[in-house]
Amino acid sequence: MTPYEEGSFLAELSPDDRDDLQRLGRPRAFRRGETIFREGEHSTWAAVLTSGHVKAYSDREQGGEALLAVRGPGALLGEVAVIDGGPRSATVAALEPVKLLTITGEQFMEFLRTHGGASVLIMRTLCQRFRDADRKRIEFGMFDATGRVAQRLVELAERFGVPDDTAAGGGVRINLNLSQEELAGWVGASREAVSKALGTLRRHGLIETGRRKFVVRDLPALRRHAR
């Protein structure tokens, strides 16, 4: 069983291509909260995430973060700036202690030139991100804060959920060190609106929350609430 998140870049690479890429990488570790890439900076290296989770976000003009994505083990990071030579489009920071393999831009581009399957995989990954961004833009116009919070919790439970049997009836614990402020930045709402939405979902018996803790008690019902 692969240690990487299902559908991630490393998980989808062929074993030979994955071995070739990993041989190019230099191991690095980052502490929780440490910045890996900074939005707007010019740097010429990419990375693959081998353990832990990171967030990609953009700073809002009025303050706070607009969370763009959460990436798990196996994710490719920083490839767009290496491919097009532009500045970093987002800040990437560690949500917990993480480990990476860093690859120089020159090595990464040579890898793509000699591994056609990896190049196709990157194109497919970028297309998926564009589709996801379009879907989230539609959600902002169609759903209120409670609906958007429910949608993100469903996504997190499906991607990072582990069985939770600490309470009667069980459930799915979201195995991710994400705060309510970060969740608010992801759904494009104030912290107060997200707190109210979480309270509504708790009253319906769909979730349980704590400090950086989210447990989905009824995932099918939460999916229905997110539609």
# chains A, B, ... in the order shown; residues from 1 in each chain; ligands from 1
>>> closest_atom_pairs(of="range 108-152 of chain A", to="range 193-201 of chain A", cutoff="8 Å", atoms="only C-alpha atoms", output="CSV")
residue,atom,partner,partner_atom,distance
A:Ala145,CA,A:Ala197,CA,6.5
A:Thr146,CA,A:Ala197,CA,4.5
A:Val149,CA,A:Ala197,CA,6.9
A:Ala150,CA,A:Leu201,CA,7.9
>>> residues_around(residues="Arg212 in chain A", least_positions_apart="2", cutoff="7 Å", atoms="only C-alpha atoms", output="PyMOL selection string")
chain A and resi 177-179+210+214
>>> atom_distance(atom1="CA of Ala69 in chain A", atom2="CA of Gly25 in chain A")
23.5 Å
>>> closest_residue(among="A:Arg152, A:Arg88, A:Arg18, A:Arg31", to="Ala56 in chain A", atoms="only C-alpha atoms")
A:Arg88
>>> select_by_dssp(residues="range 14-49 of chain A", states="alpha helix (DSSP H)", output="PDB file with all heavy atoms, in the first residue's frame")
ATOM      1  N   PRO A  15       6.042   3.215 -11.043  1.00  0.00           N
ATOM      2  CA  PRO A  15       7.117   2.935 -10.078  1.00  0.00           C
ATOM      3  C   PRO A  15       8.494   3.368 -10.574  1.00  0.00           C
ATOM      4  O   PRO A  15       9.295   3.922  -9.800  1.00  0.00           O
ATOM      5  CB  PRO A  15       7.030   1.421  -9.893  1.00  0.00           C
ATOM      6  CG  PRO A  15       5.588   1.095 -10.157  1.00  0.00           C
ATOM      7  CD  PRO A  15       5.183   2.032 -11.267  1.00  0.00           C
ATOM      8  N   ASP A  16       8.797   3.140 -11.852  1.00  0.00           N
ATOM      9  CA  ASP A  16      10.113   3.528 -12.385  1.00  0.00           C
ATOM     10  C   ASP A  16      10.284   5.040 -12.378  1.00  0.00           C
ATOM     11  O   ASP A  16      11.344   5.566 -11.986  1.00  0.00           O
ATOM     12  CB  ASP A  16      10.303   2.982 -13.798  1.00  0.00           C
ATOM     13  CG  ASP A  16      10.504   1.471 -13.823  1.00  0.00           C
ATOM     14  OD1 ASP A  16      10.825   0.897 -12.750  1.00  0.00           O
ATOM     15  OD2 ASP A  16      10.352   0.871 -14.902  1.00  0.00           O
ATOM     16  N   ASP A  17       9.243   5.760 -12.828  1.00  0.00           N
ATOM     17  CA  ASP A  17       9.325   7.222 -12.846  1.00  0.00           C
ATOM     18  C   ASP A  17       9.439   7.770 -11.419  1.00  0.00           C
ATOM     19  O   ASP A  17      10.177   8.728 -11.160  1.00  0.00           O
ATOM     20  CB  ASP A  17       8.096   7.812 -13.529  1.00  0.00           C
ATOM     21  CG  ASP A  17       8.134   7.653 -15.042  1.00  0.00           C
ATOM     22  OD1 ASP A  17       9.133   7.102 -15.550  1.00  0.00           O
ATOM     23  OD2 ASP A  17       7.175   8.081 -15.706  1.00  0.00           O
ATOM     24  N   ARG A  18       8.710   7.167 -10.491  1.00  0.00           N
ATOM     25  CA  ARG A  18       8.764   7.613  -9.104  1.00  0.00           C
ATOM     26  C   ARG A  18      10.170   7.422  -8.536  1.00  0.00           C
ATOM     27  O   ARG A  18      10.709   8.322  -7.870  1.00  0.00           O
ATOM     28  CB  ARG A  18       7.747   6.852  -8.260  1.00  0.00           C
ATOM     29  CG  ARG A  18       7.603   7.385  -6.828  1.00  0.00           C
ATOM     30  CD  ARG A  18       6.688   6.482  -6.001  1.00  0.00           C
ATOM     31  NE  ARG A  18       5.437   6.252  -6.681  1.00  0.00           N
ATOM     32  CZ  ARG A  18       4.923   5.044  -6.920  1.00  0.00           C
ATOM     33  NH1 ARG A  18       5.569   3.957  -6.524  1.00  0.00           N
ATOM     34  NH2 ARG A  18       3.775   4.914  -7.532  1.00  0.00           N
ATOM     35  N   ASP A  19      10.777   6.283  -8.821  1.00  0.00           N
ATOM     36  CA  ASP A  19      12.137   6.034  -8.331  1.00  0.00           C
ATOM     37  C   ASP A  19      13.125   7.037  -8.921  1.00  0.00           C
ATOM     38  O   ASP A  19      14.004   7.553  -8.214  1.00  0.00           O
ATOM     39  CB  ASP A  19      12.571   4.610  -8.684  1.00  0.00           C
ATOM     40  CG  ASP A  19      11.837   3.554  -7.872  1.00  0.00           C
ATOM     41  OD1 ASP A  19      11.235   3.915  -6.841  1.00  0.00           O
ATOM     42  OD2 ASP A  19      11.859   2.377  -8.282  1.00  0.00           O
ATOM     43  N   ASP A  20      12.987   7.331 -10.225  1.00  0.00           N
ATOM     44  CA  ASP A  20      13.885   8.291 -10.864  1.00  0.00           C
ATOM     45  C   ASP A  20      13.738   9.678 -10.244  1.00  0.00           C
ATOM     46  O   ASP A  20      14.743  10.371  -9.995  1.00  0.00           O
ATOM     47  CB  ASP A  20      13.595   8.368 -12.367  1.00  0.00           C
ATOM     48  CG  ASP A  20      14.066   7.121 -13.114  1.00  0.00           C
ATOM     49  OD1 ASP A  20      14.843   6.330 -12.532  1.00  0.00           O
ATOM     50  OD2 ASP A  20      13.647   6.939 -14.268  1.00  0.00           O
ATOM     51  N   LEU A  21      12.499  10.091  -9.984  1.00  0.00           N
ATOM     52  CA  LEU A  21      12.276  11.412  -9.402  1.00  0.00           C
ATOM     53  C   LEU A  21      12.822  11.480  -7.977  1.00  0.00           C
ATOM     54  O   LEU A  21      13.472  12.462  -7.593  1.00  0.00           O
ATOM     55  CB  LEU A  21      10.782  11.736  -9.406  1.00  0.00           C
ATOM     56  CG  LEU A  21      10.384  13.111  -8.874  1.00  0.00           C
ATOM     57  CD1 LEU A  21      10.979  14.216  -9.746  1.00  0.00           C
ATOM     58  CD2 LEU A  21       8.863  13.253  -8.802  1.00  0.00           C
ATOM     59  N   GLN A  22      12.590  10.442  -7.204  1.00  0.00           N
ATOM     60  CA  GLN A  22      13.062  10.447  -5.810  1.00  0.00           C
ATOM     61  C   GLN A  22      14.576  10.453  -5.714  1.00  0.00           C
ATOM     62  O   GLN A  22      15.138  11.012  -4.767  1.00  0.00           O
ATOM     63  CB  GLN A  22      12.462   9.256  -5.066  1.00  0.00           C
ATOM     64  CG  GLN A  22      10.953   9.409  -4.835  1.00  0.00           C
ATOM     65  CD  GLN A  22      10.318   8.180  -4.230  1.00  0.00           C
ATOM     66  OE1 GLN A  22      10.724   7.047  -4.514  1.00  0.00           O
ATOM     67  NE2 GLN A  22       9.316   8.367  -3.403  1.00  0.00           N
ATOM     68  N   ARG A  23      15.242   9.865  -6.707  1.00  0.00           N
ATOM     69  CA  ARG A  23      16.709   9.893  -6.692  1.00  0.00           C
ATOM     70  C   ARG A  23      17.242  11.305  -6.909  1.00  0.00           C
ATOM     71  O   ARG A  23      18.373  11.621  -6.505  1.00  0.00           O
ATOM     72  CB  ARG A  23      17.259   8.939  -7.761  1.00  0.00           C
ATOM     73  CG  ARG A  23      17.339   7.486  -7.299  1.00  0.00           C
ATOM     74  CD  ARG A  23      18.171   6.653  -8.259  1.00  0.00           C
ATOM     75  NE  ARG A  23      17.468   6.437  -9.516  1.00  0.00           N
ATOM     76  CZ  ARG A  23      16.673   5.385  -9.757  1.00  0.00           C
ATOM     77  NH1 ARG A  23      16.483   4.473  -8.815  1.00  0.00           N
ATOM     78  NH2 ARG A  23      16.073   5.248 -10.925  1.00  0.00           N
ATOM     79  N   LEU A  24      16.455  12.155  -7.557  1.00  0.00           N
ATOM     80  CA  LEU A  24      16.894  13.525  -7.814  1.00  0.00           C
ATOM     81  C   LEU A  24      16.724  14.422  -6.591  1.00  0.00           C
ATOM     82  O   LEU A  24      17.370  15.468  -6.488  1.00  0.00           O
ATOM     83  CB  LEU A  24      16.073  14.126  -8.970  1.00  0.00           C
ATOM     84  CG  LEU A  24      16.222  13.492 -10.353  1.00  0.00           C
ATOM     85  CD1 LEU A  24      15.253  14.142 -11.325  1.00  0.00           C
ATOM     86  CD2 LEU A  24      17.652  13.622 -10.853  1.00  0.00           C
TER      87      LEU A  24
END
>>> atom_distance(atom1="CA of Arg217 in chain A", atom2="CA of Trp186 in chain A")
21.6 Å
>>> closest_residue(among="A:Val187, A:Leu219, A:Leu49, A:Ala226", to="Ala29 in chain A", atoms="only C-alpha atoms")
A:Leu49
>>> closest_residue(among="A:Leu222, A:Val80, A:Leu68, A:Val98", to="Ala157 in chain A", atoms="only C-alpha atoms")
A:Leu222
>>> select_by_dssp(residues="range 47-224 of chain A", states="strand (DSSP E or B)", output="PyMOL selection string")
chain A and resi 47-51+54-59+65-71+76-77+91-94+98-104+161-163+172-174+207-210+213-216
>>> closest_residue(among="A:His53, A:Arg26, A:Arg135, A:Arg202", to="Ala94 in chain A", atoms="only C-alpha atoms")
A:His53
>>> closest_residue(among="A:Ile103, A:Ala118, A:Ala81, A:Ile174", to="Ser43 in chain A", atoms="only C-alpha atoms")
A:Ala81
>>> residues_around(residues="Glu5 in chain A", least_positions_apart="6", cutoff="8 Å", atoms="only C-alpha atoms", output="number ranges by chain")
A: 11, 72-75, 159
>>> closest_residue(among="A:Glu79, A:Asp84, A:Glu39, A:Glu192", to="Asp59 in chain A", atoms="only C-alpha atoms")
A:Glu39
>>> residues_around(residues="Ala93 in chain A", least_positions_apart="3", cutoff="10 Å", atoms="only C-alpha atoms", output="list of chain:residue names")
A:Phe30, A:Arg31, A:Arg32, A:Gly33, A:Glu34, A:Thr35, A:Ile36, A:Phe37, A:Arg38, A:His53, A:Val54, A:Lys55, A:Ala56, A:Tyr57, A:Val70, A:Ala90, A:Glu96, A:Val98
>>> atom_distance(atom1="CA of Gly78 in chain A", atom2="CA of Leu13 in chain A")
17.3 Å
